[in-house]
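**Student:** Contents of run.txt (compact mmCIF, C-alpha atoms and all ligand atoms) are given next:
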# COMPACT_ATOMS: atom_id res chain seq x y z
CA MET A 85 -12.27 8.40 -9.12
CA HIS A 86 -9.57 11.09 -9.36
CA ILE A 87 -8.75 12.85 -6.07
CA LEU A 88 -6.63 15.94 -5.61
CA ILE A 89 -4.83 15.88 -2.26
CA THR A 90 -3.17 19.17 -1.35
CA GLY A 91 -0.25 19.21 1.08
CA GLY A 92 0.41 15.52 0.43
CA ALA A 93 4.15 15.90 1.00
CA GLY A 94 3.60 17.08 4.58
CA PHE A 95 3.13 15.05 7.73
CA ILE A 96 -0.58 14.18 7.71
CA GLY A 97 -0.94 14.54 3.93
CA SER A 98 1.70 11.88 3.25
CA HIS A 99 -0.19 9.43 5.45
CA VAL A 100 -3.44 10.29 3.64
CA VAL A 101 -1.86 9.79 0.19
CA ARG A 102 -0.41 6.44 1.28
CA HIS A 103 -3.70 5.35 2.87
CA PHE A 104 -5.77 6.15 -0.23
CA LEU A 105 -3.33 4.54 -2.68
CA LYS A 106 -3.21 1.35 -0.61
CA SER A 107 -6.94 1.20 0.22
CA TYR A 108 -8.34 2.18 -3.19
CA PRO A 109 -6.22 0.72 -6.00
CA SER A 110 -8.68 1.98 -8.61
CA TYR A 111 -8.34 5.65 -7.59
CA THR A 112 -5.97 8.15 -9.17
CA ILE A 113 -4.32 10.41 -6.63
CA THR A 114 -2.75 13.73 -7.56
CA ASN A 115 -0.65 15.25 -4.80
CA LEU A 116 -0.34 19.03 -5.13
CA ASP A 117 2.31 20.52 -2.88
CA LYS A 118 4.51 23.60 -2.94
CA LEU A 119 7.26 21.82 -1.00
CA THR A 120 7.75 24.49 1.61
CA TYR A 121 10.17 23.71 4.45
CA ALA A 122 7.45 21.30 5.71
CA GLY A 123 6.99 19.40 2.45
CA ASN A 124 9.27 16.43 1.90
CA LEU A 125 8.87 13.99 -0.98
CA ALA A 126 10.95 11.46 0.90
CA ASN A 127 7.82 10.99 3.04
CA LEU A 128 6.30 9.21 0.03
CA ARG A 129 9.22 7.17 -1.30
CA ASP A 130 7.32 3.91 -0.82
CA VAL A 131 4.46 4.96 -3.12
CA GLU A 132 6.11 7.25 -5.67
CA SER A 133 6.33 4.53 -8.33
CA ASN A 134 2.64 3.61 -7.98
CA PRO A 135 1.13 4.17 -11.47
CA ASN A 136 -1.98 5.76 -9.90
CA TYR A 137 0.06 8.41 -8.11
CA ARG A 138 1.10 11.75 -9.56
CA PHE A 139 2.98 14.62 -7.93
CA VAL A 140 2.49 18.23 -9.02
CA ARG A 141 4.60 20.97 -7.52
CA GLY A 142 2.45 24.06 -7.19
CA ASP A 143 1.26 26.83 -4.92
CA ILE A 144 -2.35 27.14 -3.77
CA THR A 145 -1.90 30.89 -3.40
CA ASP A 146 -1.66 31.07 -7.22
CA GLY A 147 -5.30 31.17 -8.32
CA ASP A 148 -4.60 31.08 -12.08
CA PHE A 149 -2.41 28.01 -11.71
CA LEU A 150 -5.20 26.24 -9.82
CA LEU A 151 -7.84 27.14 -12.43
CA GLN A 152 -5.59 25.63 -15.10
CA LEU A 153 -4.86 22.50 -13.06
CA PHE A 154 -8.59 21.92 -12.57
CA GLN A 155 -9.25 22.58 -16.26
CA GLU A 156 -6.66 19.99 -17.29
CA ASN A 157 -7.96 17.38 -14.83
CA GLN A 158 -11.42 16.22 -13.93
CA PHE A 159 -11.08 15.92 -10.17
CA ASP A 160 -14.01 14.18 -8.50
CA GLY A 161 -12.82 15.07 -5.04
CA VAL A 162 -10.46 17.41 -3.23
CA ILE A 163 -8.90 16.64 0.15
CA HIS A 164 -7.33 19.90 1.24
CA LEU A 165 -4.49 19.67 3.76
CA ALA A 166 -1.99 22.22 2.40
CA ALA A 167 -1.40 24.87 5.05
CA GLU A 168 1.09 26.61 7.22
CA SER A 169 0.63 24.51 10.34
CA HIS A 170 2.91 25.59 13.19
CA VAL A 171 1.59 27.95 15.88
CA ASP A 172 5.05 29.33 16.78
CA ARG A 173 5.72 30.26 13.15
CA SER A 174 2.31 31.97 12.99
CA ILE A 175 3.33 34.16 15.92
CA ALA A 176 6.56 35.07 14.10
CA ASN A 177 4.91 35.65 10.70
CA PRO A 178 1.09 35.90 10.78
CA THR A 179 0.68 37.20 7.23
CA GLU A 180 2.06 34.06 5.63
CA PHE A 181 -0.70 32.13 7.42
CA VAL A 182 -3.42 34.41 6.05
CA VAL A 183 -2.11 34.09 2.52
CA THR A 184 -1.63 30.31 2.50
CA ASN A 185 -4.45 29.18 4.75
CA VAL A 186 -7.19 31.67 3.86
CA LEU A 187 -6.44 32.87 0.32
CA GLY A 188 -5.11 29.44 -0.68
CA THR A 189 -8.34 27.77 0.46
CA VAL A 190 -10.52 30.33 -1.32
CA ASN A 191 -8.47 29.85 -4.51
CA LEU A 192 -9.08 26.10 -4.31
CA LEU A 193 -12.81 26.61 -3.77
CA ASN A 194 -12.91 28.93 -6.80
CA ALA A 195 -11.08 26.40 -8.97
CA ALA A 196 -13.37 23.54 -7.89
CA ARG A 197 -16.44 25.70 -8.52
CA ALA A 198 -15.23 26.75 -11.97
CA SER A 199 -14.38 23.17 -12.89
CA TRP A 200 -17.53 21.53 -11.57
CA GLN A 201 -19.85 24.15 -13.14
CA SER A 202 -22.70 23.46 -10.71
CA ASP A 203 -22.70 19.76 -11.66
CA TYR A 204 -21.93 18.45 -8.21
CA GLU A 205 -23.06 14.84 -8.70
CA GLY A 206 -20.35 12.60 -7.18
CA LYS A 207 -18.17 15.59 -6.24
CA ARG A 208 -16.75 16.44 -2.84
CA PHE A 209 -14.54 19.20 -1.36
CA TYR A 210 -13.08 18.05 1.96
CA HIS A 211 -11.37 20.66 4.10
CA ILE A 212 -9.04 19.43 6.86
CA SER A 213 -9.04 21.67 9.89
CA THR A 214 -8.05 21.76 13.52
CA ASP A 215 -9.68 21.77 16.96
CA GLU A 216 -7.69 24.94 17.68
CA VAL A 217 -10.45 27.00 15.98
CA TYR A 218 -12.59 26.40 19.10
CA GLY A 219 -10.12 28.24 21.34
CA SER A 220 -9.17 27.03 24.79
CA LEU A 221 -11.00 24.94 27.40
CA GLY A 222 -10.79 25.26 31.18
CA SER A 223 -10.41 22.09 33.21
CA GLU A 224 -13.90 20.86 32.29
CA GLY A 225 -15.79 20.12 29.05
CA LEU A 226 -15.04 19.04 25.50
CA PHE A 227 -15.20 20.70 22.07
CA THR A 228 -18.28 19.54 20.15
CA GLU A 229 -19.27 20.44 16.59
CA GLU A 230 -21.57 23.10 18.12
CA THR A 231 -18.83 24.86 20.12
CA SER A 232 -18.47 28.49 18.96
CA TYR A 233 -15.29 29.43 17.18
CA ASP A 234 -12.90 31.40 19.39
CA PRO A 235 -9.40 31.18 17.89
CA HIS A 236 -6.47 32.79 19.71
CA SER A 237 -3.33 32.25 17.66
CA PRO A 238 -2.76 33.60 14.14
CA TYR A 239 -2.63 29.95 13.02
CA SER A 240 -6.01 29.06 14.51
CA ALA A 241 -7.53 32.35 13.33
CA SER A 242 -6.43 31.57 9.77
CA LYS A 243 -7.85 28.04 9.96
CA ALA A 244 -11.12 29.35 11.44
CA SER A 245 -11.40 31.84 8.61
CA SER A 246 -10.78 29.15 5.99
CA ASP A 247 -13.45 26.94 7.62
CA HIS A 248 -15.94 29.82 7.34
CA PHE A 249 -15.14 30.28 3.64
CA VAL A 250 -15.67 26.58 2.99
CA ARG A 251 -19.10 26.72 4.66
CA ALA A 252 -19.91 29.97 2.83
CA TYR A 253 -19.17 28.32 -0.55
CA HIS A 254 -21.46 25.47 0.41
CA ASP A 255 -24.29 27.77 1.49
CA THR A 256 -23.88 30.29 -1.34
CA PHE A 257 -22.84 28.19 -4.34
CA GLY A 258 -23.96 24.70 -3.30
CA ILE A 259 -20.49 23.13 -3.40
CA PRO A 260 -20.65 19.77 -1.59
CA VAL A 261 -18.22 20.29 1.26
CA VAL A 262 -17.28 18.49 4.40
CA ILE A 263 -15.00 19.74 7.20
CA SER A 264 -13.23 17.90 9.98
CA ASN A 265 -11.57 19.48 13.01
CA CYS A 266 -8.93 17.23 14.49
CA SER A 267 -6.84 17.28 17.65
CA ASN A 268 -3.01 17.11 17.81
CA ASN A 269 -1.54 14.36 15.64
CA TYR A 270 1.65 12.40 16.28
CA GLY A 271 3.47 9.68 14.35
CA SER A 272 6.06 9.12 11.64
CA PHE A 273 7.18 11.83 9.17
CA GLN A 274 6.26 14.78 11.43
CA PHE A 275 8.54 17.77 11.02
CA PRO A 276 10.76 18.10 14.12
CA GLU A 277 9.48 21.52 15.12
CA LYS A 278 6.32 20.06 16.71
CA LEU A 279 6.54 18.84 20.30
CA ILE A 280 6.96 15.08 19.95
CA PRO A 281 9.48 14.76 17.07
CA LEU A 282 11.41 17.82 18.31
CA PHE A 283 11.81 16.27 21.74
CA ILE A 284 12.70 12.83 20.33
CA ASN A 285 15.43 14.45 18.24
CA ASN A 286 16.69 16.51 21.18
CA ILE A 287 16.78 13.49 23.50
CA VAL A 288 18.80 11.50 20.93
CA ASN A 289 21.26 14.40 20.70
CA ARG A 290 21.19 15.17 24.46
CA LYS A 291 19.93 18.69 23.78
CA PRO A 292 17.65 20.65 26.19
CA LEU A 293 13.89 19.98 26.03
CA PRO A 294 12.27 23.44 26.03
CA VAL A 295 9.00 23.14 27.97
CA TYR A 296 6.84 26.25 27.54
CA GLY A 297 5.59 27.76 30.82
CA LYS A 298 4.96 25.14 33.48
CA GLY A 299 4.15 22.33 31.06
CA GLU A 300 0.57 22.24 32.34
CA ASN A 301 -1.14 22.80 28.97
CA ILE A 302 -3.22 19.87 27.84
CA ARG A 303 -3.54 18.41 24.36
CA ASP A 304 -5.63 15.48 23.05
CA TRP A 305 -3.24 13.31 21.00
CA LEU A 306 -4.23 11.17 18.02
CA TRP A 307 -2.09 8.74 16.03
CA VAL A 308 -1.78 10.10 12.49
CA VAL A 309 -2.67 6.70 10.95
CA ASP A 310 -6.00 6.85 12.79
CA HIS A 311 -6.53 10.37 11.45
CA ALA A 312 -5.98 9.12 7.89
CA GLN A 313 -8.57 6.39 8.48
CA ALA A 314 -11.05 8.98 9.82
CA ILE A 315 -10.44 11.13 6.73
CA ASP A 316 -11.23 8.12 4.53
CA VAL A 317 -14.53 7.49 6.35
CA ILE A 318 -15.57 11.15 6.30
CA PHE A 319 -14.57 11.63 2.65
CA HIS A 320 -16.70 8.67 1.58
CA GLN A 321 -19.59 8.75 4.04
CA GLY A 322 -19.74 12.20 5.66
CA LYS A 323 -22.83 14.28 4.94
CA SER A 324 -22.40 17.31 2.72
CA GLY A 325 -22.31 20.58 4.65
CA GLU A 326 -21.42 18.81 7.91
CA THR A 327 -18.54 19.13 10.33
CA TYR A 328 -16.98 16.20 12.17
CA ASN A 329 -14.68 16.43 15.17
CA ILE A 330 -11.83 13.90 15.31
CA GLY A 331 -9.96 13.20 18.54
CA GLY A 332 -8.16 10.54 20.46
CA HIS A 333 -10.01 10.65 23.84
CA ASN A 334 -6.47 10.99 25.00
CA GLU A 335 -5.65 14.06 27.08
CA TRP A 336 -2.14 14.59 28.36
CA SER A 337 -0.54 17.57 30.07
CA ASN A 338 2.65 18.43 28.23
CA ILE A 339 4.85 17.58 31.19
CA ASP A 340 3.23 14.17 31.78
CA LEU A 341 3.61 13.38 28.08
CA ILE A 342 7.26 14.49 28.14
CA ARG A 343 7.96 12.30 31.18
CA LEU A 344 6.41 9.30 29.42
CA LEU A 345 8.42 10.06 26.29
CA CYS A 346 11.63 10.34 28.34
CA ARG A 347 10.95 6.96 29.99
CA ILE A 348 10.35 5.27 26.62
CA MET A 349 13.48 6.89 25.15
CA ASP A 350 15.68 5.86 28.11
CA GLY A 351 14.52 2.28 27.56
CA LYS A 352 15.04 2.29 23.79
CA LEU A 353 18.42 4.05 23.96
CA GLY A 354 19.66 1.87 26.83
CA ARG A 355 20.24 4.93 29.03
CA PRO A 356 19.86 4.89 32.84
CA SER A 357 16.33 5.58 34.03
CA GLY A 358 15.77 9.35 34.54
CA GLU A 359 18.62 10.38 32.20
CA SER A 360 16.46 11.99 29.47
CA GLU A 361 14.22 13.83 31.93
CA LYS A 362 17.27 15.76 33.15
CA LEU A 363 17.17 17.55 29.77
CA VAL A 364 13.81 19.21 30.62
CA THR A 365 14.27 22.99 30.64
CA TYR A 366 11.38 25.30 31.48
CA VAL A 367 11.35 28.30 29.14
CA THR A 368 9.19 31.41 28.62
CA ASP A 369 5.64 30.49 27.77
CA ARG A 370 4.28 30.76 24.21
CA ALA A 371 2.29 34.01 23.75
CA GLY A 372 -1.46 33.37 23.94
CA HIS A 373 -0.82 29.70 24.79
CA ASP A 374 -4.16 27.83 24.83
CA LEU A 375 -4.55 25.91 28.09
CA ARG A 376 -6.50 22.86 27.04
CA TYR A 377 -7.86 21.17 23.92
CA ALA A 378 -10.11 18.11 24.19
CA ILE A 379 -12.40 16.71 21.54
CA ASP A 380 -15.80 15.06 21.73
CA SER A 381 -15.73 12.82 18.65
CA SER A 382 -18.95 10.94 19.50
CA LYS A 383 -20.71 12.23 16.35
CA LEU A 384 -18.07 10.56 14.17
CA GLN A 385 -18.31 7.36 16.21
CA ARG A 386 -22.12 7.34 16.25
CA GLU A 387 -22.77 8.29 12.62
CA LEU A 388 -19.79 6.82 10.79
CA GLY A 389 -18.47 4.19 13.20
CA TRP A 390 -14.92 5.55 13.53
CA VAL A 391 -12.85 5.03 16.71
CA PRO A 392 -9.09 5.32 17.29
CA SER A 393 -7.33 1.96 16.88
CA ILE A 394 -4.47 2.03 19.39
CA SER A 395 -3.60 3.33 22.84
CA PHE A 396 -1.33 6.35 23.22
CA GLU A 397 1.34 4.33 25.03
CA LYS A 398 1.51 1.89 22.10
CA GLY A 399 1.34 4.65 19.46
CA LEU A 400 4.07 6.66 21.17
CA GLU A 401 6.31 3.62 21.43
CA LEU A 402 5.82 2.85 17.72
CA THR A 403 6.55 6.49 16.94
CA VAL A 404 9.79 6.51 18.96
CA GLU A 405 10.87 3.27 17.28
CA TRP A 406 10.15 4.80 13.85
CA TYR A 407 12.29 7.92 14.49
CA LEU A 408 15.13 5.83 15.95
CA SER A 409 15.18 3.48 12.98
CA ASN A 410 14.84 6.35 10.49
CA ALA A 411 17.72 8.44 11.80
CA GLU A 412 18.67 9.28 8.22
CA TRP A 413 15.23 10.87 7.60
CA LEU A 414 15.59 12.93 10.78
CA ASP A 415 19.18 13.98 9.94
CA ASP A 416 18.12 14.95 6.44
CA VAL A 417 15.26 17.07 7.73
CA THR A 418 17.25 18.77 10.46
CA SER A 419 20.19 19.46 8.11
CA GLY A 420 18.02 20.67 5.23
CA GLY A 421 19.30 17.85 3.00
CA TYR A 422 15.74 16.73 2.24
CA GLN A 423 15.17 19.84 0.15
CA ARG A 424 17.59 18.51 -2.44
CA TYR A 425 15.49 15.38 -2.87
CA TYR A 426 12.99 16.98 -5.23
CA GLU A 427 15.68 18.23 -7.59
CA GLU A 428 17.37 14.81 -7.57
CA MET A 429 14.07 13.02 -8.25
CA TYR A 430 12.34 15.37 -10.62
CA GLY A 431 15.00 17.75 -11.94
CA ASN A 432 14.57 21.49 -11.81
CA ARG A 433 10.89 21.82 -12.78
P1 LIG B 501 2.64 20.11 7.52
O1 LIG B 501 3.15 21.47 7.86
O2 LIG B 501 3.44 18.92 7.91
O3 LIG B 501 2.38 20.00 5.94
C1 LIG B 501 1.80 21.04 5.20
C2 LIG B 501 2.06 20.74 3.73
O4 LIG B 501 1.44 21.80 2.97
C3 LIG B 501 3.54 20.74 3.36
O5 LIG B 501 3.82 19.62 2.54
C4 LIG B 501 3.72 22.03 2.59
O6 LIG B 501 4.74 21.97 1.60
C5 LIG B 501 2.35 22.22 1.96
N1 LIG B 501 2.06 23.63 1.64
C6 LIG B 501 2.23 24.70 2.45
N2 LIG B 501 1.92 25.84 1.79
C7 LIG B 501 1.53 25.46 0.54
C8 LIG B 501 1.09 26.17 -0.61
N3 LIG B 501 1.01 27.50 -0.61
N4 LIG B 501 0.74 25.47 -1.72
C9 LIG B 501 0.83 24.11 -1.74
N5 LIG B 501 1.29 23.39 -0.69
C10 LIG B 501 1.63 24.06 0.45
O7 LIG B 501 1.17 20.07 8.15
P2 LIG B 501 0.38 18.86 8.82
O8 LIG B 501 0.71 18.81 10.25
O9 LIG B 501 0.53 17.66 7.97
O10 LIG B 501 -1.11 19.42 8.70
C11 LIG B 501 -1.88 19.18 7.52
C12 LIG B 501 -3.25 19.82 7.68
O11 LIG B 501 -3.90 19.28 8.83
C13 LIG B 501 -3.20 21.33 7.90
O12 LIG B 501 -4.27 21.91 7.20
C14 LIG B 501 -3.38 21.49 9.40
O13 LIG B 501 -4.00 22.72 9.70
C15 LIG B 501 -4.29 20.32 9.71
N6 LIG B 501 -4.18 19.77 11.08
C16 LIG B 501 -2.96 19.42 11.59
C17 LIG B 501 -2.90 18.86 12.87
C18 LIG B 501 -1.59 18.41 13.46
O14 LIG B 501 -1.56 18.00 14.62
N7 LIG B 501 -0.49 18.44 12.73
C19 LIG B 501 -4.07 18.67 13.61
C20 LIG B 501 -5.29 19.05 13.04
C21 LIG B 501 -5.34 19.59 11.78
P1 LIG B 502 2.84 21.84 19.12
O1 LIG B 502 3.40 20.50 18.77
O2 LIG B 502 3.50 23.07 18.58
O3 LIG B 502 1.28 21.79 18.72
P2 LIG B 502 0.10 22.88 19.02
O4 LIG B 502 0.70 24.14 19.49
O5 LIG B 502 -0.54 23.01 17.68
O6 LIG B 502 -0.77 22.22 20.04
O7 LIG B 502 2.81 21.98 20.70
C1 LIG B 502 2.14 21.04 21.52
C2 LIG B 502 2.21 21.55 22.95
O8 LIG B 502 3.58 21.51 23.38
C3 LIG B 502 1.76 23.00 23.10
O9 LIG B 502 1.08 23.14 24.35
C4 LIG B 502 3.06 23.77 23.11
C5 LIG B 502 4.05 22.82 23.76
N1 LIG B 502 5.45 22.94 23.31
C6 LIG B 502 6.47 23.08 24.25
O10 LIG B 502 6.24 23.12 25.48
N2 LIG B 502 7.76 23.19 23.78
C7 LIG B 502 8.06 23.16 22.45
O11 LIG B 502 9.25 23.27 22.08
C8 LIG B 502 6.99 22.99 21.50
C9 LIG B 502 7.28 22.95 20.02
C10 LIG B 502 5.71 22.88 21.98
Write the structure described by the file as C-alpha cells, please.
Ligand code: NAD
Ligand code: TYD

**Tutor:**
Amino acid sequence: MHILITGGAGFIGSHVVRHFLKSYPSYTITNLDKLTYAGNLANLRDVESNPNYRFVRGDITDGDFLLQLFQENQFDGVIHLAAESHVDRSIANPTEFVVTNVLGTVNLLNAARASWQSDYEGKRFYHISTDEVYGSLGSEGLFTEETSYDPHSPYSASKASSDHFVRAYHDTFGIPVVISNCSNNYGSFQFPEKLIPLFINNIVNRKPLPVYGKGENIRDWLWVVDHAQAIDVIFHQGKSGETYNIGGHNEWSNIDLIRLLCRIMDGKLGRPSGESEKLVTYVTDRAGHDLRYAIDSSKLQRELGWVPSISFEKGLELTVEWYLSNAEWLDDVTSGGYQRYYEEMYGNR
C-alpha cells in the first residue's frame, strides 16, 4: 500500500506519518509538504531514514504538479492534512486560506480522480477537517455528524468549503472519500502560535500570557497521538462517503486550562506556586470568537471502537515535559532556525 500524506511536516501530520510508519512496516508513505512557516522537517527526524518514507516538497495549490505526482506514483490512499490552520492568521489574511484549503483540496481531488480513472477498488481519499465547521455552541449540546455547518471564521469557512467539495466529488464522481472533523489537538511538535505551546513558551520566558476576552471560551482538547490513532482506524475501517467526529470528551474553559497549565509549569520549573499565573494578561477578544466547541464522538466509538487513551491532566503533563526537554526545538521554531533544516538536509531543491 502506498499512501500520500499531505501536510506531514506539520503538527498533526508528523504524528500521522510516524504512526503509519511504525504501525504498518509494509506501507510506503510519501509526505507531500510545501514547508510553509508551519512545516518543519525536524518534526520527523526519528523516521527520516526509514526506507519506506519519502519526502516531496510541493504545493497543493499547483494543480499541474499534483497531476504529475499522481501520474508518477500509484497512490492507493490519500490522507489530506495540508492546510493553513490558524484562526488568527485567517483573520489577518483570509485569501491565503481560500487558496490553500479550498483550491488545494480540489486540486488533490482532481489529481486522485485523474490517476484512479474510475477504478476505485482499494482506493481511499481521507480528508482531515475540524469541528470548527459546525460553528459555536451555547452552554448546552454537542456537535454530532448531523449538525448543520455554520462556520464563522475565515479558517472554518475554508475548511467547511473543502469538506463540501470532498462530498461533492464522492456524490458526483464516485471517489471513495471519508471525512473526519476533530476538536482542538495538543501535544508535541505544535507550532507555538496555538494556545498551549505559545503559553508554555511564554511561561518559560516569563512573557505575558495573552488571554482573549474573559477566557471563558470552551474547547474540547484531544491528545494528538489519540487523533493519529483515530485517523488510522477511520482510514482503514471508515465507510466510504461517511463523516466521523473525533473529540476528547474533554471540555475546558480557556482560563481553567491556563490555570492548570500554570500549576504544572510552576511544579516542573521549580517556581513558587502561583508564579506563572501572574503572567496572565487579558487582551482584546478575537473577532468572531466562537464561544464553545464540544464533540459527540459516539459514532466513532460505537462503529469503529475508538476512544481517547489518556486523561487531559496526564496528556498535558507529558506535553509540558516534552517542550521542556526539547527546548532546542522550541528555540529553533521561535527563532526561525528550523527553516534552514530543509536546505541542510536536502540541499536547495
Ligand atoms: P499545521 O499548520 O501544523 O500544519 C500544516 C502543514 O501543511 C504544514 O506542514 C504546512 O507546511 C503544510 N502546508 C500548508 N500549505 C501547504 C500547501 N499549499 N501545500 C503543501 N503543504 C502545505 O496544521 P495542523 O494543526 O497539523 O493541522 C493539520 C490538519 O488538521 C489541517 O487540515 C487542520 O485543518 C486539521 N485540524 C487541526 C486541528 C488542530 O487542533 N490543530 C484540529 C482539527 C483539525
Ligand atoms: P487556538 O489554539 O488558536 O485554537 P482555535 O482557535 O482553533 O480553537 O486557540 C484556542 C483558544 O485559546 C481559543 O478560544 C482562542 C484562545 N487563545 C487565547 O486566549 N490567547 C491566545 O494567544 C491564543 C493563540 C488563543

**Student:** For atom C19 of ligand LIG 501 (chain B) and atom CA of A:Ile379, determine how far apart the two atoms are, in Å to one decimal place.

**Tutor:**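 That distance, rounded to one decimal, is 11.7 Å.
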
**Student:** Report, in Å with one decimal, the straight-line distance from atom CA of A:Ser240 to atom O10 of ligand LIG 501 (chain B).

**Tutor:** 12.3 Å

**Student:** Wanna dump the chain A-ligand LIG 501 (chain B) contacts at 8 Å for me, each residue with its shortest atom pair and the distance in Å to one decimal, counting all atoms listed in the file, ordered by chain and number, as CSV?

**Tutor:**
residue,atom,partner,partner_atom,distance
A:Thr90,CA,B:LIG501,N5,6.2
A:Gly91,CA,B:LIG501,O4,3.6
A:Gly92,CA,B:LIG501,O5,5.7
A:Ala93,CA,B:LIG501,O5,4.0
A:Gly94,CA,B:LIG501,O5,3.3
A:Phe95,CA,B:LIG501,O9,3.7
A:Ile96,CA,B:LIG501,O9,3.7
A:Gly97,CA,B:LIG501,O9,5.3
A:Ser98,CA,B:LIG501,O9,7.6
A:Leu116,CA,B:LIG501,C9,6.2
A:Asp117,CA,B:LIG501,N5,3.8
A:Lys118,CA,B:LIG501,C9,3.9
A:Leu119,CA,B:LIG501,O6,3.6
A:Thr120,CA,B:LIG501,O6,3.9
A:Tyr121,CA,B:LIG501,O6,6.4
A:Ala122,CA,B:LIG501,C3,4.6
A:Gly123,CA,B:LIG501,O5,3.2
A:Asn124,CA,B:LIG501,O5,6.3
A:Arg141,CA,B:LIG501,C9,7.6
A:Gly142,CA,B:LIG501,C9,5.7
A:Asp143,CA,B:LIG501,N4,3.5
A:Ile144,CA,B:LIG501,N4,4.1
A:Thr145,CA,B:LIG501,N3,5.3
A:Asp146,CA,B:LIG501,N3,8.0
A:His164,CA,B:LIG501,O12,7.0
A:Leu165,CA,B:LIG501,O12,4.1
A:Ala166,CA,B:LIG501,O4,3.5
A:Ala167,CA,B:LIG501,C6,4.5
A:Glu168,CA,B:LIG501,C6,5.3
A:Ser169,CA,B:LIG501,O1,4.7
A:His170,CA,B:LIG501,O1,6.7
A:Val183,CA,B:LIG501,N3,7.9
A:Thr184,CA,B:LIG501,N3,5.0
A:Asn185,CA,B:LIG501,O12,7.7
A:Gly188,CA,B:LIG501,N3,6.4
A:His211,CA,B:LIG501,O12,7.8
A:Ile212,CA,B:LIG501,O12,5.4
A:Ser213,CA,B:LIG501,C21,4.6
A:Thr214,CA,B:LIG501,C21,3.9
A:Asp215,CA,B:LIG501,C20,6.5
A:Glu216,CA,B:LIG501,C20,7.9
A:Lys243,CA,B:LIG501,O13,6.6
A:Asn265,CA,B:LIG501,C20,6.3
A:Cys266,CA,B:LIG501,C20,4.3
A:Ser267,CA,B:LIG501,C19,5.1
A:Asn268,CA,B:LIG501,O14,3.6
A:Asn269,CA,B:LIG501,O14,3.8
A:Tyr270,CA,B:LIG501,O14,6.7
A:Gln274,CA,B:LIG501,O2,6.1
A:Phe275,CA,B:LIG501,O2,6.1

**Student:** Identify, counting all atoms listed in the file, the protein, DNA and RNA residues located within 7 Å of ligand LIG 502 (chain B), and give them as a PDB file with C-alpha atoms, in the coordinates of the input.

**Tutor:**
ATOM      1  CA  HIS A 170       2.910  25.590  13.190  1.00  0.00           C
ATOM      2  CA  VAL A 171       1.590  27.950  15.880  1.00  0.00           C
ATOM      3  CA  ASP A 172       5.050  29.330  16.780  1.00  0.00           C
ATOM      4  CA  ASN A 268      -3.010  17.110  17.810  1.00  0.00           C
ATOM      5  CA  GLU A 277       9.480  21.520  15.120  1.00  0.00           C
ATOM      6  CA  LYS A 278       6.320  20.060  16.710  1.00  0.00           C
ATOM      7  CA  LEU A 279       6.540  18.840  20.300  1.00  0.00           C
ATOM      8  CA  ILE A 280       6.960  15.080  19.950  1.00  0.00           C
ATOM      9  CA  LEU A 282      11.410  17.820  18.310  1.00  0.00           C
ATOM     10  CA  LEU A 293      13.890  19.980  26.030  1.00  0.00           C
ATOM     11  CA  PRO A 294      12.270  23.440  26.030  1.00  0.00           C
ATOM     12  CA  VAL A 295       9.000  23.140  27.970  1.00  0.00           C
ATOM     13  CA  TYR A 296       6.840  26.250  27.540  1.00  0.00           C
ATOM     14  CA  GLY A 299       4.150  22.330  31.060  1.00  0.00           C
ATOM     15  CA  ASN A 301      -1.140  22.800  28.970  1.00  0.00           C
ATOM     16  CA  ILE A 302      -3.220  19.870  27.840  1.00  0.00           C
ATOM     17  CA  ARG A 303      -3.540  18.410  24.360  1.00  0.00           C
ATOM     18  CA  ASN A 338       2.650  18.430  28.230  1.00  0.00           C
ATOM     19  CA  HIS A 373      -0.820  29.700  24.790  1.00  0.00           C
TER      20      HIS A 373
END

**Student:** For atom CA of A:Phe283 and atom CA of A:Gly421, quote the distance in Å rounded to one decimal.

**Tutor:** 20.2 Å

**Student:** Which is closest to A:Trp305 among A:Phe139, A:Trp336, A:Tyr111, A:Phe227, if we use all atoms listed in the file?

**Tutor:**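 Counting all atoms listed in the file, the residue closest to A:Trp305 is A:Trp336.
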
**Student:** Under the rule that only C-alpha atoms are counted, which of A:Thr365, A:Ser360, A:Gln423, A:Gln158 is the nearest residue to A:Asn285?

**Tutor:**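 Closest candidate: A:Ser360.
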
**Student:** Could you name the residues that touch A:Asp316 at 10 Å or less, counting all atoms listed in the file, but leaving out those on the same chain fewer than 2 positions away, as number ranges by chain?

**Tutor:** A: 100, 103-104, 107, 163, 310-314, 318-322

**Student:** What lies within 10 Å of A:Pro135 using only C-alpha atoms, ignoring chain neighbours under 5 positions off, as a list in words?

**Tutor:**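 Counting only C-alpha atoms, the residues come to Leu105, Pro109, Thr112 and Ile113 of chain A.
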
**Student:** Pick from A:Gln385, A:Ser264, A:Ser110, A:Asn127: nearest to A:Asp416, with all atoms listed in the file counted?

**Tutor:**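 Closest residue, counting all atoms listed in the file: A:Asn127.
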
**Student:** For each of A:Pro276, A:Pro392, A:Pro235, A:Pro260, take the minimum atom-to-atom distance to A:Asp203, counting all atoms listed in the file, then give the residue where this is smallest.

**Tutor:**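 Once distances to A:Asp203 are computed over all atoms listed in the file, the minimum belongs to A:Pro260.
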
**Student:** Measuring between all atoms listed in the file, which one of A:Asn329, A:Asn286, A:Ser174, A:Ser232 shows the shortest distance to A:Ser220?

**Tutor:**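 For A:Ser220, the nearest of the given residues is A:Ser232.
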
**Student:** Kindly indicate which residue among A:Gln152, A:Ser395, A:Asn334, A:Thr231 lies nearest to A:Ser199, using only C-alpha atoms for the distances.

**Tutor:**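 Of all the options, A:Gln152 lies closest to A:Ser199.
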